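> Coordinates in final_10.csv, CSV, C-alpha atoms, are listed below.
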chain,number,residue,atom,x,y,z
D,1,MET,CA,86.9,56.1,160.1
D,2,THR,CA,84.1,58.6,159.8
D,3,GLY,CA,84.8,60.4,163.0
D,4,ASP,CA,88.5,60.9,162.6
D,5,THR,CA,89.6,64.2,161.1
D,6,GLY,CA,92.7,62.6,159.7
D,7,ASP,CA,90.8,60.0,157.9
D,8,ASP,CA,88.4,62.6,156.6
D,9,ASP,CA,91.3,64.5,155.2
D,10,ARG,CA,92.8,61.4,153.6
D,11,LEU,CA,89.4,60.5,152.1
D,12,ALA,CA,89.0,64.0,150.8
D,13,GLY,CA,92.4,63.7,149.1
D,14,LEU,CA,91.4,60.3,147.6
D,15,PHE,CA,88.2,61.8,146.2
D,16,ARG,CA,90.0,64.8,144.7
D,17,GLU,CA,92.5,62.5,143.1
D,18,ALA,CA,89.8,60.2,141.8
D,19,ALA,CA,88.0,63.2,140.3
D,20,SER,CA,91.1,64.8,138.8
D,21,ASP,CA,90.5,65.3,135.1
D,22,GLY,CA,94.1,64.9,134.0
D,23,GLY,CA,93.2,61.9,131.8
D,24,ALA,CA,89.6,62.9,131.2
D,25,PRO,CA,88.2,63.7,127.8
D,26,ALA,CA,87.7,67.4,127.1
D,27,PRO,CA,84.4,68.7,128.0
D,28,GLY,CA,81.8,68.0,125.4
D,29,PHE,CA,80.0,71.3,125.7
D,30,ASP,CA,80.7,75.0,126.1
D,31,HIS,CA,78.9,78.1,127.1
D,32,GLY,CA,77.3,78.5,123.6
D,33,ASP,CA,75.9,75.0,123.8
D,34,VAL,CA,74.3,75.7,127.1
D,35,VAL,CA,72.7,78.9,126.0
D,36,ALA,CA,71.5,77.4,122.7
D,37,THR,CA,69.9,74.5,124.5
D,38,SER,CA,68.3,76.7,127.1
D,39,ARG,CA,66.8,79.0,124.4
D,40,ARG,CA,65.6,76.0,122.5
D,41,ILE,CA,63.8,74.5,125.5
D,42,THR,CA,62.4,77.9,126.4
D,43,ALA,CA,61.0,78.4,122.9
D,44,ARG,CA,59.6,74.8,122.8
D,45,ARG,CA,57.9,75.3,126.2
D,46,ARG,CA,56.5,78.6,125.1
D,47,SER,CA,55.1,77.0,122.0
D,48,ALA,CA,53.6,74.2,124.0
D,49,VAL,CA,51.9,76.7,126.3
D,50,ILE,CA,50.5,78.7,123.4
D,51,GLY,CA,49.4,75.5,121.7
D,52,GLY,CA,47.8,74.2,124.9
D,53,ALA,CA,46.0,77.5,125.4
D,54,LEU,CA,44.7,77.4,121.8
D,55,ALA,CA,43.7,73.7,122.2
D,56,LEU,CA,41.9,74.6,125.4
D,57,PHE,CA,40.1,77.5,123.7
D,58,VAL,CA,39.1,75.2,120.8
D,59,VAL,CA,37.9,72.5,123.1
D,60,ALA,CA,36.0,75.0,125.2
D,61,GLY,CA,34.4,76.5,122.1
D,62,VAL,CA,33.4,73.1,120.7
D,63,GLY,CA,32.0,72.1,124.1
D,64,THR,CA,29.9,75.3,124.3
D,65,VAL,CA,28.5,74.7,120.8
D,66,VAL,CA,27.6,71.1,121.7
D,67,ALA,CA,26.2,72.0,125.0
D,68,LEU,CA,24.0,74.8,123.9
D,69,PRO,CA,20.7,73.3,122.5
D,70,ARG,CA,19.5,74.5,119.1
D,71,GLU,CA,15.9,74.5,118.4
D,72,ASP,CA,16.2,72.6,115.1
D,73,THR,CA,18.2,69.7,116.4
D,74,SER,CA,17.3,66.5,118.2
D,75,THR,CA,14.5,66.6,120.7
D,76,THR,CA,16.4,64.3,123.0
D,77,SER,CA,18.5,67.1,124.4
D,78,ALA,CA,18.1,68.0,128.0
D,79,ALA,CA,16.9,71.4,127.1
D,80,ALA,CA,13.8,70.1,125.3
D,81,PRO,CA,11.4,70.7,128.2
D,82,ALA,CA,12.6,74.2,128.7
D,83,GLU,CA,12.3,74.7,125.0
D,84,ARG,CA,8.8,73.6,125.0
D,85,ALA,CA,8.0,75.8,127.9
D,86,ALA,CA,9.5,78.7,126.0
D,87,ASP,CA,7.5,77.8,123.0
D,88,ARG,CA,4.3,77.8,124.9
D,89,ALA,CA,5.2,81.1,126.5
D,90,ALA,CA,6.1,82.6,123.1
D,91,ALA,CA,2.9,81.3,121.4
D,92,PRO,CA,0.4,84.0,120.6
D,93,ALA,CA,-2.7,84.3,122.7
D,94,PRO,CA,-5.1,81.7,121.4
D,95,ALA,CA,-7.4,83.2,118.9
D,96,PRO,CA,-11.0,82.3,118.9
D,97,PRO,CA,-11.1,79.0,117.2
D,98,ALA,CA,-13.3,78.7,114.2
D,99,LEU,CA,-13.3,75.1,114.7
D,100,ALA,CA,-13.4,73.1,117.9
D,101,ALA,CA,-11.1,70.2,117.9
D,102,PRO,CA,-13.2,67.2,117.5
D,103,ALA,CA,-12.7,64.4,119.9
D,104,PRO,CA,-11.6,61.2,118.2
D,105,ALA,CA,-14.8,59.4,119.1
D,106,ALA,CA,-17.0,62.4,118.4
D,107,GLY,CA,-17.9,61.2,115.0
D,108,GLY,CA,-19.4,63.5,112.3
D,109,GLY,CA,-16.4,65.7,112.0
D,110,SER,CA,-18.4,68.1,110.0
D,111,GLY,CA,-17.2,71.0,112.1
D,112,GLY,CA,-18.7,74.4,112.0
D,113,THR,CA,-20.0,74.1,115.5
D,114,GLU,CA,-18.6,77.1,117.3
D,115,SER,CA,-19.7,75.9,120.7
D,116,GLY,CA,-16.3,76.7,122.2
D,117,SER,CA,-16.7,73.8,124.6
D,118,GLY,CA,-14.5,71.5,122.7
D,119,ALA,CA,-11.4,70.0,124.4
D,120,GLY,CA,-8.7,72.6,124.4
D,121,ALA,CA,-10.7,75.1,122.4
D,122,ALA,CA,-10.5,78.4,124.3
D,123,GLY,CA,-13.1,80.1,122.2
D,124,GLN,CA,-13.8,83.7,122.8
D,125,PRO,CA,-16.9,84.5,120.7
D,126,GLY,CA,-16.4,88.2,120.9
D,127,ALA,CA,-12.6,88.4,120.1
D,128,PRO,CA,-11.6,89.9,116.8
D,129,PRO,CA,-9.9,87.5,114.4
D,130,ALA,CA,-6.1,87.7,114.5
D,131,PRO,CA,-4.3,88.4,111.3
D,132,PRO,CA,-2.8,85.4,109.5
D,133,LEU,CA,0.6,84.4,110.6
D,134,GLY,CA,2.0,84.3,107.1
D,135,PRO,CA,5.6,83.6,106.0
D,136,GLY,CA,8.5,83.6,108.5
D,137,SER,CA,11.3,86.1,108.5
D,138,THR,CA,14.3,84.2,109.6
D,139,THR,CA,17.3,83.3,107.4
D,140,CYS,CA,16.6,79.6,107.5
D,141,ALA,CA,13.2,78.1,108.2
D,142,ASP,CA,12.5,77.4,111.8
D,143,ARG,CA,12.0,73.6,112.1
D,144,GLN,CA,10.2,74.0,115.4
D,145,ASP,CA,8.4,77.2,114.8
D,146,PRO,CA,6.9,78.3,118.2
D,147,ALA,CA,4.1,80.4,116.6
D,148,LEU,CA,3.0,77.6,114.3
D,149,ARG,CA,3.2,75.2,117.2
D,150,GLY,CA,1.0,77.5,119.3
D,151,LEU,CA,-1.6,77.4,116.6
D,152,LEU,CA,-1.4,73.7,116.4
D,153,VAL,CA,-1.8,73.2,120.1
D,154,GLU,CA,-5.1,75.1,119.9
D,155,VAL,CA,-6.6,72.6,117.6
D,156,LEU,CA,-4.6,69.6,118.7
D,157,PRO,CA,-4.1,69.9,122.5
D,158,GLU,CA,-2.0,66.7,122.7
D,159,ALA,CA,0.7,68.7,120.8
D,160,ALA,CA,1.4,70.8,123.9
D,161,SER,CA,3.1,68.0,125.7
D,162,ALA,CA,4.5,66.2,122.7
D,163,PRO,CA,8.3,66.2,122.4
D,164,ALA,CA,9.8,67.8,119.4
D,165,ALA,CA,11.0,65.3,116.8
D,166,ALA,CA,14.5,65.2,115.4
D,167,THR,CA,15.0,67.4,112.3
D,168,THR,CA,17.9,68.0,110.0
D,169,ASP,CA,20.1,71.1,109.8
D,170,VAL,CA,19.4,71.7,106.1
D,171,CYS,CA,18.7,75.4,105.6
D,172,LEU,CA,15.3,75.8,104.0
D,173,PRO,CA,13.9,79.1,103.0
D,174,GLY,CA,13.2,81.3,106.0
D,175,SER,CA,9.7,82.2,104.9
D,176,GLU,CA,8.7,78.6,105.5
D,177,ARG,CA,7.5,77.3,108.9
D,178,TYR,CA,7.7,73.8,110.3
D,179,VAL,CA,6.7,71.9,113.4
D,180,SER,CA,7.6,68.2,113.9
D,181,LEU,CA,6.4,66.4,117.0
D,182,GLU,CA,6.6,62.9,118.2
D,183,LEU,CA,2.9,62.2,118.5
D,184,GLY,CA,0.5,59.4,117.9
D,185,GLY,CA,3.2,56.8,117.6
D,186,GLY,CA,5.0,58.6,114.9
D,187,VAL,CA,6.2,62.0,113.7
D,188,PHE,CA,3.5,64.6,113.2
D,189,THR,CA,4.6,67.4,110.9
D,190,VAL,CA,3.0,70.6,110.0
D,191,ALA,CA,4.5,72.8,107.3
D,192,TYR,CA,3.6,76.2,106.0
D,193,LEU,CA,4.8,77.2,102.6
D,194,PRO,CA,4.6,80.8,101.4
D,195,PRO,CA,2.7,81.8,98.3
D,196,GLY,CA,4.3,80.6,95.1
D,197,THR,CA,6.0,77.6,96.7
D,198,VAL,CA,5.1,74.2,95.1
D,199,ALA,CA,5.8,71.1,97.0
D,200,SER,CA,4.9,67.5,96.4
D,201,LEU,CA,3.0,66.0,99.3
D,202,PRO,CA,4.5,63.0,101.1
D,203,VAL,CA,2.4,59.9,101.5
D,204,GLY,CA,-0.4,60.3,103.9
D,205,ALA,CA,-0.1,64.1,103.9
D,206,SER,CA,-2.8,66.6,103.0
D,207,SER,CA,-2.8,70.3,102.4
D,208,ALA,CA,-5.0,73.3,102.3
D,209,PRO,CA,-4.6,76.9,101.1
D,210,THR,CA,-4.0,79.6,103.8
D,211,ALA,CA,-5.3,83.1,104.4
D,212,SER,CA,-1.9,84.5,103.4
D,213,GLY,CA,-2.0,82.7,100.0
D,214,GLY,CA,0.4,80.0,101.0
D,215,THR,CA,-0.1,76.3,101.7
D,216,VAL,CA,-0.3,74.4,104.9
D,217,ILE,CA,0.6,70.7,104.8
D,218,VAL,CA,-0.2,68.3,107.6
D,219,SER,CA,1.6,65.0,107.6
D,220,PRO,CA,0.3,63.0,110.5
D,221,PRO,CA,1.1,59.4,111.6
D,222,PRO,CA,-1.6,56.9,110.8
D,223,ALA,CA,-3.1,57.1,114.2
D,224,LEU,CA,-3.9,60.8,113.7
D,225,ARG,CA,-4.8,60.9,110.1
D,226,ASP,CA,-8.5,61.4,110.8
D,227,ARG,CA,-7.6,64.6,112.6
D,228,ALA,CA,-5.9,66.1,109.6
D,229,PRO,CA,-8.9,67.6,107.9
D,230,ALA,CA,-10.0,69.5,111.0
D,231,ILE,CA,-6.4,70.7,111.6
D,232,LEU,CA,-6.1,72.0,108.1
D,233,GLN,CA,-9.4,73.7,108.4
D,234,TYR,CA,-8.4,75.4,111.6
D,235,LEU,CA,-4.9,76.4,110.5
D,236,GLY,CA,-5.8,77.6,107.0
D,237,PRO,CA,-7.4,80.9,108.1
D,238,ARG,CA,-4.7,81.5,110.6
D,239,LEU,CA,-1.7,81.1,108.4
F,1,MET,CA,68.0,87.6,129.4
F,2,ASP,CA,69.8,90.9,128.9
F,3,ALA,CA,73.4,91.2,128.0
F,4,LEU,CA,74.6,91.9,131.5
F,5,ALA,CA,72.9,88.8,132.9
F,6,GLU,CA,74.3,86.8,130.0
F,7,ALA,CA,77.8,88.0,130.9
F,8,GLU,CA,77.3,87.1,134.5
F,9,PHE,CA,76.1,83.7,133.6
F,10,GLU,CA,79.0,83.1,131.3
F,11,ARG,CA,81.5,84.2,134.0
F,12,TYR,CA,79.9,81.7,136.4
F,13,PHE,CA,79.9,79.0,133.8
F,14,ARG,CA,83.6,79.4,133.0
F,15,ALA,CA,84.5,79.4,136.7
F,16,ARG,CA,82.4,76.4,137.8
F,17,ARG,CA,82.1,74.1,134.8
F,18,ASP,CA,85.1,71.9,135.5
F,19,ALA,CA,84.4,71.5,139.2
F,20,THR,CA,80.8,70.6,138.5
F,21,ARG,CA,81.9,68.2,135.9
F,22,ARG,CA,84.2,66.5,138.3
F,23,THR,CA,81.5,66.1,140.9
F,24,ALA,CA,79.2,64.7,138.3
F,25,TYR,CA,81.9,62.2,137.2
F,26,LEU,CA,82.4,60.8,140.7
F,27,MET,CA,78.6,60.6,141.0
F,28,CYS,CA,78.1,58.6,137.8
F,29,GLY,CA,81.6,57.2,137.0
F,30,ASP,CA,81.5,58.1,133.4
F,31,TRP,CA,82.8,61.3,131.8
F,32,HIS,CA,80.3,61.4,129.0
F,33,ARG,CA,77.3,61.0,131.3
F,34,ALA,CA,79.0,63.6,133.6
F,35,ASP,CA,79.0,66.0,130.7
F,36,ASP,CA,75.3,65.3,130.1
F,37,HIS,CA,74.4,65.9,133.7
F,38,THR,CA,76.6,69.0,134.0
F,39,GLN,CA,75.2,70.5,130.8
F,40,ALA,CA,71.7,69.8,131.9
F,41,ALA,CA,72.3,71.5,135.3
F,42,PHE,CA,73.8,74.6,133.6
F,43,VAL,CA,70.9,74.7,131.1
F,44,ALA,CA,68.5,74.7,134.1
F,45,LEU,CA,70.5,77.4,135.7
F,46,HIS,CA,70.4,79.5,132.6
F,47,ARG,CA,66.7,79.2,132.3
F,48,HIS,CA,66.3,80.3,135.9
F,49,TRP,CA,69.0,82.8,136.0
F,50,ARG,CA,66.7,85.9,136.2
F,51,ARG,CA,64.9,84.4,139.1
F,52,VAL,CA,68.0,83.7,141.1
F,53,ARG,CA,68.1,86.6,143.6
F,54,ASP,CA,71.0,85.4,145.8
F,55,LYS,CA,73.9,84.8,143.5
F,56,GLY,CA,75.9,83.6,146.5
F,57,ALA,CA,73.7,80.6,146.6
F,58,LEU,CA,74.4,79.5,143.1
F,59,ASP,CA,76.8,76.7,144.0
F,60,ALA,CA,74.3,75.2,146.4
F,61,TRP,CA,71.6,75.5,143.7
F,62,MET,CA,73.8,73.8,141.2
F,63,ARG,CA,74.8,71.0,143.6
F,64,ARG,CA,71.2,70.3,144.4
F,65,THR,CA,70.2,70.3,140.7
F,66,LEU,CA,73.1,68.1,139.8
F,67,MET,CA,72.5,65.6,142.6
F,68,ARG,CA,68.8,65.4,141.8
F,69,ALA,CA,69.5,64.8,138.1
F,70,VAL,CA,72.0,62.0,138.8
F,71,VAL,CA,70.0,60.3,141.4
F,72,ASP,CA,66.8,60.5,139.4
F,73,GLU,CA,68.5,59.2,136.3
F,74,SER,CA,69.8,56.2,138.2
F,75,ARG,CA,66.2,55.3,139.0
F,76,ARG,CA,65.1,55.3,135.3
F,77,PRO,CA,64.4,51.8,134.1
F,78,TRP,CA,66.9,51.8,131.2
F,79,ARG,CA,69.7,53.1,133.5
F,80,ARG,CA,68.6,51.5,136.7
F,81,GLU,CA,71.6,50.3,138.6
F,82,ARG,CA,71.5,46.8,140.2
F,83,PHE,CA,73.2,46.1,143.4
F,84,THR,CA,74.5,42.7,144.1
F,85,ASP,CA,76.4,41.0,146.8
F,86,ASP,CA,79.3,40.5,144.4
F,87,VAL,CA,82.3,42.4,145.5
F,88,VAL,CA,84.2,44.4,142.9
F,89,ALA,CA,87.3,42.5,141.8
F,90,VAL,CA,89.7,45.0,143.4
F,91,ASP,CA,92.3,42.4,144.2
F,92,LYS,CA,93.4,42.3,140.6
F,93,VAL,CA,93.3,46.0,140.4
F,94,VAL,CA,95.4,46.6,143.5
F,95,ALA,CA,97.8,44.0,142.4
F,96,ASP,CA,98.4,45.9,139.2
F,97,PRO,CA,101.1,48.5,139.8
F,98,ASP,CA,99.8,50.8,137.0
F,99,VAL,CA,96.4,51.2,138.3
F,100,THR,CA,95.5,54.6,139.6
F,101,THR,CA,93.7,55.7,142.7
F,102,ARG,CA,91.1,57.2,140.4
F,103,HIS,CA,90.0,53.9,138.9
F,104,VAL,CA,89.9,52.1,142.2
F,105,LEU,CA,87.8,54.6,143.9
F,106,VAL,CA,85.5,55.2,141.0
F,107,ASP,CA,84.9,51.5,140.6
F,108,GLY,CA,84.2,51.2,144.3
F,109,LEU,CA,81.8,54.2,144.2
F,110,ARG,CA,79.8,52.5,141.5
F,111,SER,CA,78.7,49.8,143.9
F,112,VAL,CA,77.6,52.3,146.5
F,113,PRO,CA,73.8,53.2,146.3
F,114,PRO,CA,73.3,56.6,144.6
F,115,ARG,CA,72.1,58.6,147.6
F,116,GLN,CA,75.0,57.3,149.7
F,117,ARG,CA,77.3,58.1,146.9
F,118,ALA,CA,76.0,61.6,146.7
F,119,VAL,CA,76.6,62.1,150.3
F,120,LEU,CA,80.2,60.9,150.1
F,121,VAL,CA,80.9,63.0,147.0
F,122,LEU,CA,79.5,66.2,148.6
F,123,ARG,CA,81.3,65.6,151.8
F,124,TYR,CA,84.7,64.4,150.6
F,125,LEU,CA,85.0,66.0,147.2
F,126,ASP,CA,83.2,69.3,147.6
F,127,GLY,CA,84.2,69.5,151.3
F,128,LEU,CA,80.7,70.3,152.6
F,129,ASP,CA,79.8,69.9,156.2
F,130,VAL,CA,76.9,67.8,157.4
F,131,ALA,CA,74.5,70.8,157.4
F,132,ALA,CA,75.4,71.9,153.9
F,133,THR,CA,75.2,68.4,152.6
F,134,ALA,CA,71.7,68.0,154.1
F,135,ALA,CA,70.6,71.2,152.5
F,136,ALA,CA,72.0,70.2,149.1
F,137,LEU,CA,70.2,66.8,149.2
F,138,GLY,CA,67.0,68.1,150.9
F,139,CYS,CA,67.3,65.7,153.9
F,140,SER,CA,68.0,65.9,157.6
F,141,GLU,CA,71.4,66.1,159.1
F,142,GLY,CA,70.8,62.7,160.8
F,143,THR,CA,70.2,61.2,157.4
F,144,VAL,CA,73.4,62.6,156.1
F,145,LYS,CA,75.3,61.1,159.0
F,146,SER,CA,73.8,57.7,158.6
F,147,GLN,CA,74.2,57.8,154.8
F,148,THR,CA,77.8,58.7,155.3
F,149,SER,CA,78.4,55.8,157.6
F,150,HIS,CA,76.6,53.4,155.4
F,151,GLY,CA,78.2,54.8,152.3
F,152,LEU,CA,81.7,54.4,153.7
F,153,ALA,CA,80.9,50.9,154.8
F,154,ALA,CA,79.6,50.0,151.4
F,155,LEU,CA,82.7,51.5,149.8
F,156,ARG,CA,85.0,49.6,152.1
F,157,THR,CA,83.2,46.4,151.3
F,158,ALA,CA,83.4,47.1,147.6
F,159,LEU,CA,87.1,47.7,147.8
F,160,GLY,CA,87.7,44.6,149.9
F,161,GLY,CA,89.3,46.4,152.8
F,162,SER,CA,92.0,47.9,150.6
F,163,LEU,CA,90.8,51.5,151.1
F,164,ASP,CA,93.2,52.1,154.0
F,165,ASP,CA,96.0,51.3,151.7
F,166,LEU,CA,95.1,53.8,149.1
F,167,ARG,CA,96.9,57.1,149.1
F,168,PRO,CA,96.4,60.2,147.0
F,169,ALA,CA,98.7,60.0,144.0
F,170,GLY,CA,101.7,62.2,144.3
Once more with this new file: its structure as structure tokens, please.

Amino acid sequence: MTGDTGDDDRLAGLFREAASDGGAPAPGFDHGDVVATSRRITARRRSAVIGGALALFVVAGVGTVVALPREDTSTTSAAAPAERAADRAAAPAPAPPALAAPAPAAGGGSGGTESGSGAGAAGQPGAPPAPPLGPGSTTCADRQDPALRGLLVEVLPEAASAPAAATTDVCLPGSERYVSLELGGGVFTVAYLPPGTVASLPVGASSAPTASGGTVIVSPPPALRDRAPAILQYLGPRL
Amino acid sequence: MDALAEAEFERYFRARRDATRRTAYLMCGDWHRADDHTQAAFVALHRHWRRVRDKGALDAWMRRTLMRAVVDESRRPWRRERFTDDVVAVDKVVADPDVTTRHVLVDGLRSVPPRQRAVLVLRYLDGLDVAATAAALGCSEGTVKSQTSHGLAALRTALGGSLDDLRPAG
């Protein structure tokens, strides 16, 4: 049947007859319907494309904000080592320490020995004293102030390799300085408050006046409390 | 789309709507679904009108779009057609003197698999040769020939051997 031309013609006639629309319902659409549907689909797709692009932009923006480490956030970010390295690089050149950091087992703790041979004390007897660091100048206080950390490392060398502790995002006055480190089995915090600022000391913390008229507060974990007086004595003239 | 292109599209639509609708009807066996498929094909054509460079190939483009839409729809789970070994009860139909060729053939076509049905419709309703049918369906000419053979066999089986007795009305 398939190869016969006569059969093909007869089949074509059958198909045409079967498809004749004599008794068929009238078409349910017209040119206007087609154009309207086409325009609606085009507008919807255009909206979807624009919406998708905006969503992509927002997601990329959020991803960038999350991925970029901030100095005052958790220390568990992957950028913490780089941050610490940057802090060390940004720290001012070590000034001649007025007080060598006493070793835990050194005893005495009276200080005042400017031997310059203490651990981590890079004493330079002839160097002129650096001006006190004084208040900060940022909008919000730096919770991991590199300059303050540099000073702390001079008197507490273990602080150089200590990871930064988690801090909050609360905006404190920019004239204040803070360093919070995970050290000695807890959080070791040093705070500098500018002149005129009154703060209540947390439990275990101690404070001392600074050369700029402010206050330095050291809040060490229990294992490092015996180092607090020496640290205060070292930082006071430099802040 | 500018006014000139809109006018061109409208001319083409007016000229080809009924023929396309008839092809869709033989493909799906239902005028309402044929309307849906035809409208969808024309909507697609309207959306691509500016990109159609060869206006002489519009019919082929429409055929390809329509066939793809009908075959794809037959594969959707809620419309999936089931083929059985049961033969359509054409004896009763043929015995009825009022029955028309249309109903007999459309009923028979429903039992033919969609791809084979598409080949039969393109070849015997639209009058395409093997090459044009292959181009419209995106397959080889050998496939068209085998699908034609299998399709006619399936149609003959569905009609219970009464196809040879059918004659175009009038």
> For F:Asp18, which residue among D:Leu14, D:Glu154, D:Val218, D:Ser20 is the nearest when counting all atoms listed in the file?
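Ranking D:Leu14, D:Glu154, D:Val218, D:Ser20 by distance to F:Asp18, first place goes to D:Ser20.
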> Distance table requested - chain F against chain D, cut-off 8 Å, all atoms listed in the file: one row per qualifying residue with the closest atom pair and its distance in Å to one decimal, ordered by chain and rising residue number, as CSV.

residue,atom,partner,partner_atom,distance
F:Glu10,CA,D:His31,CA,6.5
F:Phe13,CA,D:His31,CA,6.8
F:Arg14,CA,D:His31,CA,7.7
F:Arg22,CA,D:Ala19,CA,5.4
F:Thr23,CA,D:Ala19,CA,7.1
F:Tyr25,CA,D:Ala19,CA,6.9
F:Leu26,CA,D:Ala19,CA,6.1
F:Trp31,CA,D:Ala24,CA,7.0
F:His32,CA,D:Gly28,CA,7.7
F:Asp35,CA,D:Gly28,CA,6.3
F:Gln39,CA,D:Val34,CA,6.4
F:Phe42,CA,D:Val34,CA,6.6
F:Val43,CA,D:Ser38,CA,5.2
F:Ala44,CA,D:Ser38,CA,7.3
F:His46,CA,D:Ser38,CA,6.5
F:Arg47,CA,D:Ser38,CA,6.0
F:Thr101,CA,D:Ala18,CA,6.0
F:Arg102,CA,D:Ala18,CA,3.6
F:His103,CA,D:Ala18,CA,6.9
F:Leu105,CA,D:Ala18,CA,6.3
F:Val106,CA,D:Ala18,CA,6.6
F:Val121,CA,D:Phe15,CA,7.4
F:Arg123,CA,D:Ala12,CA,7.9
F:Tyr124,CA,D:Ala12,CA,4.3
F:Leu125,CA,D:Phe15,CA,5.4
F:Gly127,CA,D:Ala12,CA,7.3
F:Thr148,CA,D:Thr2,CA,7.7
F:Ser149,CA,D:Thr2,CA,6.7
F:Leu152,CA,D:Thr2,CA,7.8
F:Leu166,CA,D:Leu14,CA,7.6
F:Arg167,CA,D:Leu14,CA,6.5
F:Pro168,CA,D:Leu14,CA,5.0
F:Ala169,CA,D:Glu17,CA,6.7
> Do you know which residues lie at most 9 Å from (4.4, 66.7, 122.3), with coordinates as in the file and all atoms listed in the file counted, and could you write them as a PyMOL selection string?
chain D and resi 84+158-165+181-183
> What does the structure give for the distance between atom CA of D:Leu193 and atom CA of D:Ile217, in Å to one decimal?
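Computing it gives 8.0 Å between the two atoms.
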